[in-house]
Amino acid sequence: MHEGEVVACHGERIAVRTDTGASIYLYGRRALGTVVPGDRVCWQDTKAAEPQIHHIVARKSVLGRQDRRGRIKPVAANLDLLVVVCAAVPALDAYLIDQYLVAAEEANIASLIVFNKVDLWQDDLSHWSAVYAGTPQVHCCALDAEALPPLRAALQGHCSVLVGQSGVGKSSLIGALLQRDLPVGPINRHGLGKHTTSTSQRFELDDDTSLIDSPGVREFRVDHLPVDAIRRSYHDIESFAMYCRFPNCQHRSEPGCAVHAAVRDGKVPAVRVENFLRLLDASAVHQAQTPRRKT
Ligand SMILES: Nc1nc2c(ncn2[C@@H]2O[C@H](COP(=O)(O)OP(=O)(O)OP(=O)(O)O)[C@@H](O)[C@H]2O)c(=O)[nH]1
Ligand SMILES: [Mg+2]
Ligand SMILES: [Zn+2]
């Protein structure tokens, strides 16, 4: 049996880098389910030009995403770092970032926020940087090689996936790190990207460091996750919630709410609490709509 790492998936044709360093195509069988970049796959010797994948090696971690019908589909596998890229243009979407951070926590993957395009940020960079003070972060610029070493260092030794809105510079950053030209797209007059990357693809920076480029998204929902999972990932809020007067405080308008006191004192950013409550509402709606499964 041979083994290799999935680089990209083009329908049922799966591009794989073998453990001996060759690039080949394998054929994905429907019964395997969705194969994603980062997966390790096995196949047997055969005369076929594109052998069938025999099985996917058990995943150490997987980042999943809801499709339009609410089904959870894997995006990338065997990651240990979720890199959420944001920029001044397109405008930062804090709700999207928060949802990625929740998903990373749930999947047991560390997170890193990359504030790209430092050449375009104004004063609000320090504001957003403070909002996410609880998450490791890097400021960089894909157009300036001298601004890349901190990002390179943060990625070293990890299997990462770069995610975020279209146009924030995911492919530009990977191209700059690899010193390769990857397709990058313009920003339109509304300040939005053009969804240039259409399939996720895995790249190797060195033997220990890999990066998966992914297509930009408009939304990334995590309302299928239980309320507890959402709560757990808001470390900044949870550390105050234990001091609320009522143990079951919902942090809405209850008297003695320590979370709101922390917001008033500038200890927790208001936008984090807004997103937190919005996510809890979305999760409650989702649970109410989903028929209970028998266990
Ligand atoms: N000024 C500036 N522009 C940048 C920077 N990084 C990327 N860009 C530009 O932003 C645009 C979008 O970059 P992409 O790399 O295609 O963005 P992406 O996140 O891969 O977008 P999708 O593939 O659509 O998800 C391109 O015009 C890049 O040249 C940066 O640090 N500063
Ligand atoms: Mg791209
Ligand atoms: Zn409270």
# chains A, B, ... in the order shown; residues from 1 in each chain; ligands from 1
$ residues_around --residues "segment 111-125 of chain A" --least-positions-apart "5" --cutoff "7 Å" --atoms "only C-alpha atoms" --output "list in words"
Leu81, Leu82, Val83, Val84, Val85, Cys86, Ala87, Ala88, Leu101, Ala104, Thr135, Pro136, Gln137, Val138, His139, Cys140, Cys141 and Ala142 of chain A
$ closest_atom_pairs --of "chain A" --to "ligand 3" --cutoff "6 Å" --atoms "only C-alpha atoms and all ligand atoms" --output "Markdown table"
| residue | atom | partner | partner_atom_place_in_ligand_line | distance |
| --- | --- | --- | --- | --- |
| A:Ala241 | CA | ligand 3 | 1 (Zn) | 5.4 |
| A:Cys244 | CA | ligand 3 | 1 (Zn) | 4.7 |
| A:Cys249 | CA | ligand 3 | 1 (Zn) | 4.5 |
| A:Gln250 | CA | ligand 3 | 1 (Zn) | 5.5 |
| A:His251 | CA | ligand 3 | 1 (Zn) | 3.6 |
| A:Cys257 | CA | ligand 3 | 1 (Zn) | 3.6 |
| A:Ala258 | CA | ligand 3 | 1 (Zn) | 5.2 |
| A:Val259 | CA | ligand 3 | 1 (Zn) | 5.1 |
$ write_last_selection --atoms "all heavy atoms" --output "compact mmCIF listing (two decimals), in the first residue's frame"
# COMPACT_ATOMS: atom_id res chain seq x y z
N ALA A 241 -17.95 35.90 33.10
CA ALA A 241 -19.30 35.35 33.30
C ALA A 241 -19.45 34.66 34.65
O ALA A 241 -20.53 34.65 35.23
CB ALA A 241 -19.63 34.38 32.16
N CYS A 244 -21.08 36.82 37.38
CA CYS A 244 -22.43 37.39 37.26
C CYS A 244 -23.24 37.03 38.52
O CYS A 244 -23.02 35.96 39.10
CB CYS A 244 -23.14 36.83 36.03
SG CYS A 244 -22.39 37.38 34.48
N CYS A 249 -27.10 33.58 34.33
CA CYS A 249 -27.18 34.88 33.64
C CYS A 249 -26.96 34.70 32.14
O CYS A 249 -26.04 34.00 31.72
CB CYS A 249 -26.11 35.82 34.21
SG CYS A 249 -26.17 37.47 33.49
N GLN A 250 -27.83 35.30 31.36
CA GLN A 250 -27.71 35.19 29.90
C GLN A 250 -26.92 36.37 29.33
O GLN A 250 -26.79 36.51 28.12
CB GLN A 250 -29.11 35.14 29.26
CG GLN A 250 -29.95 33.95 29.73
CD GLN A 250 -29.32 32.62 29.34
OE1 GLN A 250 -29.06 32.38 28.17
NE2 GLN A 250 -29.05 31.76 30.32
N HIS A 251 -26.49 37.26 30.19
CA HIS A 251 -25.72 38.46 29.80
C HIS A 251 -26.52 39.33 28.82
O HIS A 251 -25.98 39.86 27.86
CB HIS A 251 -24.37 38.09 29.20
CG HIS A 251 -23.74 36.90 29.85
ND1 HIS A 251 -23.53 36.83 31.22
CD2 HIS A 251 -23.28 35.72 29.33
CE1 HIS A 251 -22.97 35.66 31.50
NE2 HIS A 251 -22.83 34.97 30.38
N CYS A 257 -24.83 41.78 36.00
CA CYS A 257 -24.14 41.01 34.96
C CYS A 257 -22.68 41.49 34.88
O CYS A 257 -22.40 42.64 34.52
CB CYS A 257 -24.83 41.17 33.61
SG CYS A 257 -23.90 40.37 32.29
N ALA A 258 -21.76 40.59 35.19
CA ALA A 258 -20.34 40.96 35.22
C ALA A 258 -19.78 41.15 33.81
O ALA A 258 -18.79 41.86 33.62
CB ALA A 258 -19.55 39.88 35.95
N VAL A 259 -20.43 40.51 32.83
CA VAL A 259 -19.95 40.65 31.45
C VAL A 259 -20.21 42.08 30.98
O VAL A 259 -19.33 42.74 30.39
CB VAL A 259 -20.63 39.61 30.53
CG1 VAL A 259 -20.32 39.90 29.08
CG2 VAL A 259 -20.19 38.20 30.93
$ closest_atom_pairs --of "chain A" --to "ligand 1" --cutoff "6 Å" --atoms "only C-alpha atoms and all ligand atoms" --output "JSON lines"
{"residue": "A:Asn116", "atom": "CA", "partner": "ligand 1", "partner_atom_place_in_ligand_line": "31 (O)", "distance": 5.2}
{"residue": "A:Lys117", "atom": "CA", "partner": "ligand 1", "partner_atom_place_in_ligand_line": "31 (O)", "distance": 3.2}
{"residue": "A:Asp119", "atom": "CA", "partner": "ligand 1", "partner_atom_place_in_ligand_line": "32 (N)", "distance": 5.8}
{"residue": "A:Leu120", "atom": "CA", "partner": "ligand 1", "partner_atom_place_in_ligand_line": "1 (N)", "distance": 5.8}
{"residue": "A:Cys141", "atom": "CA", "partner": "ligand 1", "partner_atom_place_in_ligand_line": "31 (O)", "distance": 3.4}
{"residue": "A:Ala142", "atom": "CA", "partner": "ligand 1", "partner_atom_place_in_ligand_line": "31 (O)", "distance": 3.9}
{"residue": "A:Leu143", "atom": "CA", "partner": "ligand 1", "partner_atom_place_in_ligand_line": "31 (O)", "distance": 5.0}
{"residue": "A:Gln165", "atom": "CA", "partner": "ligand 1", "partner_atom_place_in_ligand_line": "25 (O)", "distance": 6.0}
{"residue": "A:Ser166", "atom": "CA", "partner": "ligand 1", "partner_atom_place_in_ligand_line": "25 (O)", "distance": 3.4}
{"residue": "A:Gly167", "atom": "CA", "partner": "ligand 1", "partner_atom_place_in_ligand_line": "17 (O)", "distance": 3.6}
{"residue": "A:Val168", "atom": "CA", "partner": "ligand 1", "partner_atom_place_in_ligand_line": "19 (O)", "distance": 4.1}
{"residue": "A:Gly169", "atom": "CA", "partner": "ligand 1", "partner_atom_place_in_ligand_line": "17 (O)", "distance": 3.4}
{"residue": "A:Lys170", "atom": "CA", "partner": "ligand 1", "partner_atom_place_in_ligand_line": "19 (O)", "distance": 3.8}
{"residue": "A:Ser171", "atom": "CA", "partner": "ligand 1", "partner_atom_place_in_ligand_line": "20 (O)", "distance": 3.8}
{"residue": "A:Ser172", "atom": "CA", "partner": "ligand 1", "partner_atom_place_in_ligand_line": "15 (O)", "distance": 3.6}
{"residue": "A:Val184", "atom": "CA", "partner": "ligand 1", "partner_atom_place_in_ligand_line": "16 (O)", "distance": 3.2}
{"residue": "A:Gly185", "atom": "CA", "partner": "ligand 1", "partner_atom_place_in_ligand_line": "16 (O)", "distance": 4.1}
{"residue": "A:Pro186", "atom": "CA", "partner": "ligand 1", "partner_atom_place_in_ligand_line": "27 (O)", "distance": 4.0}
{"residue": "A:Ile187", "atom": "CA", "partner": "ligand 1", "partner_atom_place_in_ligand_line": "11 (C)", "distance": 5.6}
{"residue": "A:Gly193", "atom": "CA", "partner": "ligand 1", "partner_atom_place_in_ligand_line": "24 (O)", "distance": 5.2}
{"residue": "A:Lys194", "atom": "CA", "partner": "ligand 1", "partner_atom_place_in_ligand_line": "24 (O)", "distance": 5.1}
{"residue": "A:His195", "atom": "CA", "partner": "ligand 1", "partner_atom_place_in_ligand_line": "24 (O)", "distance": 3.2}
{"residue": "A:Thr196", "atom": "CA", "partner": "ligand 1", "partner_atom_place_in_ligand_line": "24 (O)", "distance": 3.9}
{"residue": "A:Thr197", "atom": "CA", "partner": "ligand 1", "partner_atom_place_in_ligand_line": "23 (O)", "distance": 3.6}
{"residue": "A:Pro215", "atom": "CA", "partner": "ligand 1", "partner_atom_place_in_ligand_line": "25 (O)", "distance": 4.4}
{"residue": "A:Gly216", "atom": "CA", "partner": "ligand 1", "partner_atom_place_in_ligand_line": "25 (O)", "distance": 3.1}
$ residues_around --residues "Asp80 of chain A" --least-positions-apart "4" --cutoff "9 Å" --atoms "only C-alpha atoms" --output "list in words"
Lys60, Ser61, Asn108, Ile109, Ala110, Ser111, His158, Cys159, Ser160 and Val161 of chain A
$ write_last_selection --atoms "all heavy atoms" --output "PDB file, in the first residue's frame"
ATOM      1  N   LYS A  60      -6.498  13.515  12.070  1.00  0.00           N
ATOM      2  CA  LYS A  60      -6.182  14.006  13.425  1.00  0.00           C
ATOM      3  C   LYS A  60      -7.075  15.181  13.769  1.00  0.00           C
ATOM      4  O   LYS A  60      -7.374  15.444  14.924  1.00  0.00           O
ATOM      5  CB  LYS A  60      -4.713  14.449  13.473  1.00  0.00           C
ATOM      6  CG  LYS A  60      -3.754  13.286  13.383  1.00  0.00           C
ATOM      7  CD  LYS A  60      -2.322  13.767  13.610  1.00  0.00           C
ATOM      8  CE  LYS A  60      -1.336  12.694  13.220  1.00  0.00           C
ATOM      9  NZ  LYS A  60      -0.256  13.180  12.372  1.00  0.00           N
ATOM     10  N   SER A  61      -7.437  15.945  12.757  1.00  0.00           N
ATOM     11  CA  SER A  61      -8.357  17.066  12.978  1.00  0.00           C
ATOM     12  C   SER A  61      -9.011  17.361  11.639  1.00  0.00           C
ATOM     13  O   SER A  61      -8.486  16.991  10.585  1.00  0.00           O
ATOM     14  CB  SER A  61      -7.600  18.307  13.469  1.00  0.00           C
ATOM     15  OG  SER A  61      -6.751  18.758  12.441  1.00  0.00           O
ATOM     16  N   ASN A 108     -10.391  21.686  17.861  1.00  0.00           N
ATOM     17  CA  ASN A 108      -9.113  21.497  18.553  1.00  0.00           C
ATOM     18  C   ASN A 108      -7.917  21.942  17.716  1.00  0.00           C
ATOM     19  O   ASN A 108      -6.881  21.275  17.668  1.00  0.00           O
ATOM     20  CB  ASN A 108      -8.946  20.028  18.906  1.00  0.00           C
ATOM     21  CG  ASN A 108      -8.522  19.888  20.328  1.00  0.00           C
ATOM     22  OD1 ASN A 108      -8.035  20.860  20.921  1.00  0.00           O
ATOM     23  ND2 ASN A 108      -8.681  18.701  20.873  1.00  0.00           N
ATOM     24  N   ILE A 109      -8.102  23.033  17.028  1.00  0.00           N
ATOM     25  CA  ILE A 109      -7.050  23.585  16.168  1.00  0.00           C
ATOM     26  C   ILE A 109      -6.711  24.968  16.725  1.00  0.00           C
ATOM     27  O   ILE A 109      -7.625  25.737  17.048  1.00  0.00           O
ATOM     28  CB  ILE A 109      -7.568  23.717  14.710  1.00  0.00           C
ATOM     29  CG1 ILE A 109      -8.049  22.367  14.173  1.00  0.00           C
ATOM     30  CG2 ILE A 109      -6.503  24.315  13.810  1.00  0.00           C
ATOM     31  CD1 ILE A 109      -8.788  22.468  12.842  1.00  0.00           C
ATOM     32  N   ALA A 110      -5.442  25.288  16.847  1.00  0.00           N
ATOM     33  CA  ALA A 110      -5.061  26.629  17.331  1.00  0.00           C
ATOM     34  C   ALA A 110      -5.422  27.676  16.278  1.00  0.00           C
ATOM     35  O   ALA A 110      -5.581  27.346  15.101  1.00  0.00           O
ATOM     36  CB  ALA A 110      -3.557  26.657  17.602  1.00  0.00           C
ATOM     37  N   SER A 111      -5.578  28.929  16.695  1.00  0.00           N
ATOM     38  CA  SER A 111      -5.891  29.966  15.689  1.00  0.00           C
ATOM     39  C   SER A 111      -4.863  31.081  15.698  1.00  0.00           C
ATOM     40  O   SER A 111      -4.211  31.341  16.707  1.00  0.00           O
ATOM     41  CB  SER A 111      -7.259  30.604  15.884  1.00  0.00           C
ATOM     42  OG  SER A 111      -7.961  30.060  16.910  1.00  0.00           O
ATOM     43  N   HIS A 158       3.902  24.109  11.387  1.00  0.00           N
ATOM     44  CA  HIS A 158       2.459  23.825  11.461  1.00  0.00           C
ATOM     45  C   HIS A 158       1.888  23.390  10.115  1.00  0.00           C
ATOM     46  O   HIS A 158       2.449  23.685   9.064  1.00  0.00           O
ATOM     47  CB  HIS A 158       1.700  25.070  11.914  1.00  0.00           C
ATOM     48  CG  HIS A 158       2.009  25.462  13.323  1.00  0.00           C
ATOM     49  ND1 HIS A 158       1.637  24.703  14.405  1.00  0.00           N
ATOM     50  CD2 HIS A 158       2.685  26.522  13.816  1.00  0.00           C
ATOM     51  CE1 HIS A 158       2.050  25.273  15.509  1.00  0.00           C
ATOM     52  NE2 HIS A 158       2.698  26.382  15.183  1.00  0.00           N
ATOM     53  N   CYS A 159       0.738  22.726  10.204  1.00  0.00           N
ATOM     54  CA  CYS A 159      -0.087  22.466   9.025  1.00  0.00           C
ATOM     55  C   CYS A 159      -1.242  23.446   9.149  1.00  0.00           C
ATOM     56  O   CYS A 159      -2.071  23.305  10.058  1.00  0.00           O
ATOM     57  CB  CYS A 159      -0.638  21.049   9.030  1.00  0.00           C
ATOM     58  SG  CYS A 159       0.653  19.815   9.027  1.00  0.00           S
ATOM     59  N   SER A 160      -1.278  24.448   8.290  1.00  0.00           N
ATOM     60  CA  SER A 160      -2.246  25.537   8.435  1.00  0.00           C
ATOM     61  C   SER A 160      -3.189  25.589   7.255  1.00  0.00           C
ATOM     62  O   SER A 160      -2.855  25.155   6.154  1.00  0.00           O
ATOM     63  CB  SER A 160      -1.543  26.897   8.478  1.00  0.00           C
ATOM     64  OG  SER A 160      -0.464  26.881   9.348  1.00  0.00           O
ATOM     65  N   VAL A 161      -4.343  26.190   7.505  1.00  0.00           N
ATOM     66  CA  VAL A 161      -5.218  26.562   6.394  1.00  0.00           C
ATOM     67  C   VAL A 161      -5.473  28.053   6.519  1.00  0.00           C
ATOM     68  O   VAL A 161      -5.646  28.568   7.624  1.00  0.00           O
ATOM     69  CB  VAL A 161      -6.545  25.755   6.399  1.00  0.00           C
ATOM     70  CG1 VAL A 161      -7.361  26.001   7.650  1.00  0.00           C
ATOM     71  CG2 VAL A 161      -7.384  26.063   5.166  1.00  0.00           C
TER      72      VAL A 161
END
$ closest_atom_pairs --of "segment 6-69 of chain A" --to "segment 219-240 of chain A" --cutoff "12 Å" --atoms "only C-alpha atoms" --output "CSV"
residue,atom,partner,partner_atom,distance
A:Leu63,CA,A:Val222,CA,11.3
A:Gly64,CA,A:Val222,CA,9.3
A:Arg65,CA,A:Phe220,CA,6.7
A:Gln66,CA,A:Arg221,CA,6.4
A:Asp67,CA,A:Arg221,CA,9.0
A:Arg68,CA,A:Arg221,CA,10.0
A:Arg69,CA,A:Arg221,CA,11.6
$ write_last_selection --atoms "N, CA, C and O atoms" --output "PDB file, in the first residue's frame"
ATOM      1  N   LEU A  63     -11.429  20.595   9.728  1.00  0.00           N
ATOM      2  CA  LEU A  63     -12.219  21.826   9.761  1.00  0.00           C
ATOM      3  C   LEU A  63     -13.431  21.590   8.868  1.00  0.00           C
ATOM      4  O   LEU A  63     -13.274  21.250   7.688  1.00  0.00           O
ATOM      5  N   GLY A  64     -14.630  21.750   9.447  1.00  0.00           N
ATOM      6  CA  GLY A  64     -15.840  21.515   8.672  1.00  0.00           C
ATOM      7  C   GLY A  64     -16.570  22.822   8.423  1.00  0.00           C
ATOM      8  O   GLY A  64     -16.324  23.826   9.087  1.00  0.00           O
ATOM      9  N   ARG A  65     -17.458  22.780   7.445  1.00  0.00           N
ATOM     10  CA  ARG A  65     -18.210  23.999   7.143  1.00  0.00           C
ATOM     11  C   ARG A  65     -19.593  23.585   6.686  1.00  0.00           C
ATOM     12  O   ARG A  65     -19.754  22.552   6.030  1.00  0.00           O
ATOM     13  N   GLN A  66     -20.588  24.385   7.028  1.00  0.00           N
ATOM     14  CA  GLN A  66     -21.955  24.073   6.594  1.00  0.00           C
ATOM     15  C   GLN A  66     -22.118  24.436   5.130  1.00  0.00           C
ATOM     16  O   GLN A  66     -21.734  25.530   4.728  1.00  0.00           O
ATOM     17  N   ASP A  67     -22.690  23.535   4.353  1.00  0.00           N
ATOM     18  CA  ASP A  67     -22.991  23.926   2.979  1.00  0.00           C
ATOM     19  C   ASP A  67     -24.346  24.643   2.968  1.00  0.00           C
ATOM     20  O   ASP A  67     -24.942  24.876   4.025  1.00  0.00           O
ATOM     21  N   ARG A  68     -24.824  24.989   1.777  1.00  0.00           N
ATOM     22  CA  ARG A  68     -26.043  25.803   1.706  1.00  0.00           C
ATOM     23  C   ARG A  68     -27.256  25.097   2.298  1.00  0.00           C
ATOM     24  O   ARG A  68     -28.205  25.729   2.734  1.00  0.00           O
ATOM     25  N   ARG A  69     -27.206  23.747   2.294  1.00  0.00           N
ATOM     26  CA  ARG A  69     -28.342  22.999   2.856  1.00  0.00           C
ATOM     27  C   ARG A  69     -28.136  22.639   4.316  1.00  0.00           C
ATOM     28  O   ARG A  69     -28.872  21.831   4.863  1.00  0.00           O
TER      29      ARG A  69
END
$ closest_residue --among "A:Thr209, A:Ser200, A:Ser283, A:Asn248" --to "ligand 2" --atoms "only C-alpha atoms and all ligand atoms"
A:Ser200
$ closest_residue --among "A:Ala48, A:Leu173, A:Val36, A:Ala282" --to "ligand 2" --atoms "only C-alpha atoms and all ligand atoms"
A:Leu173
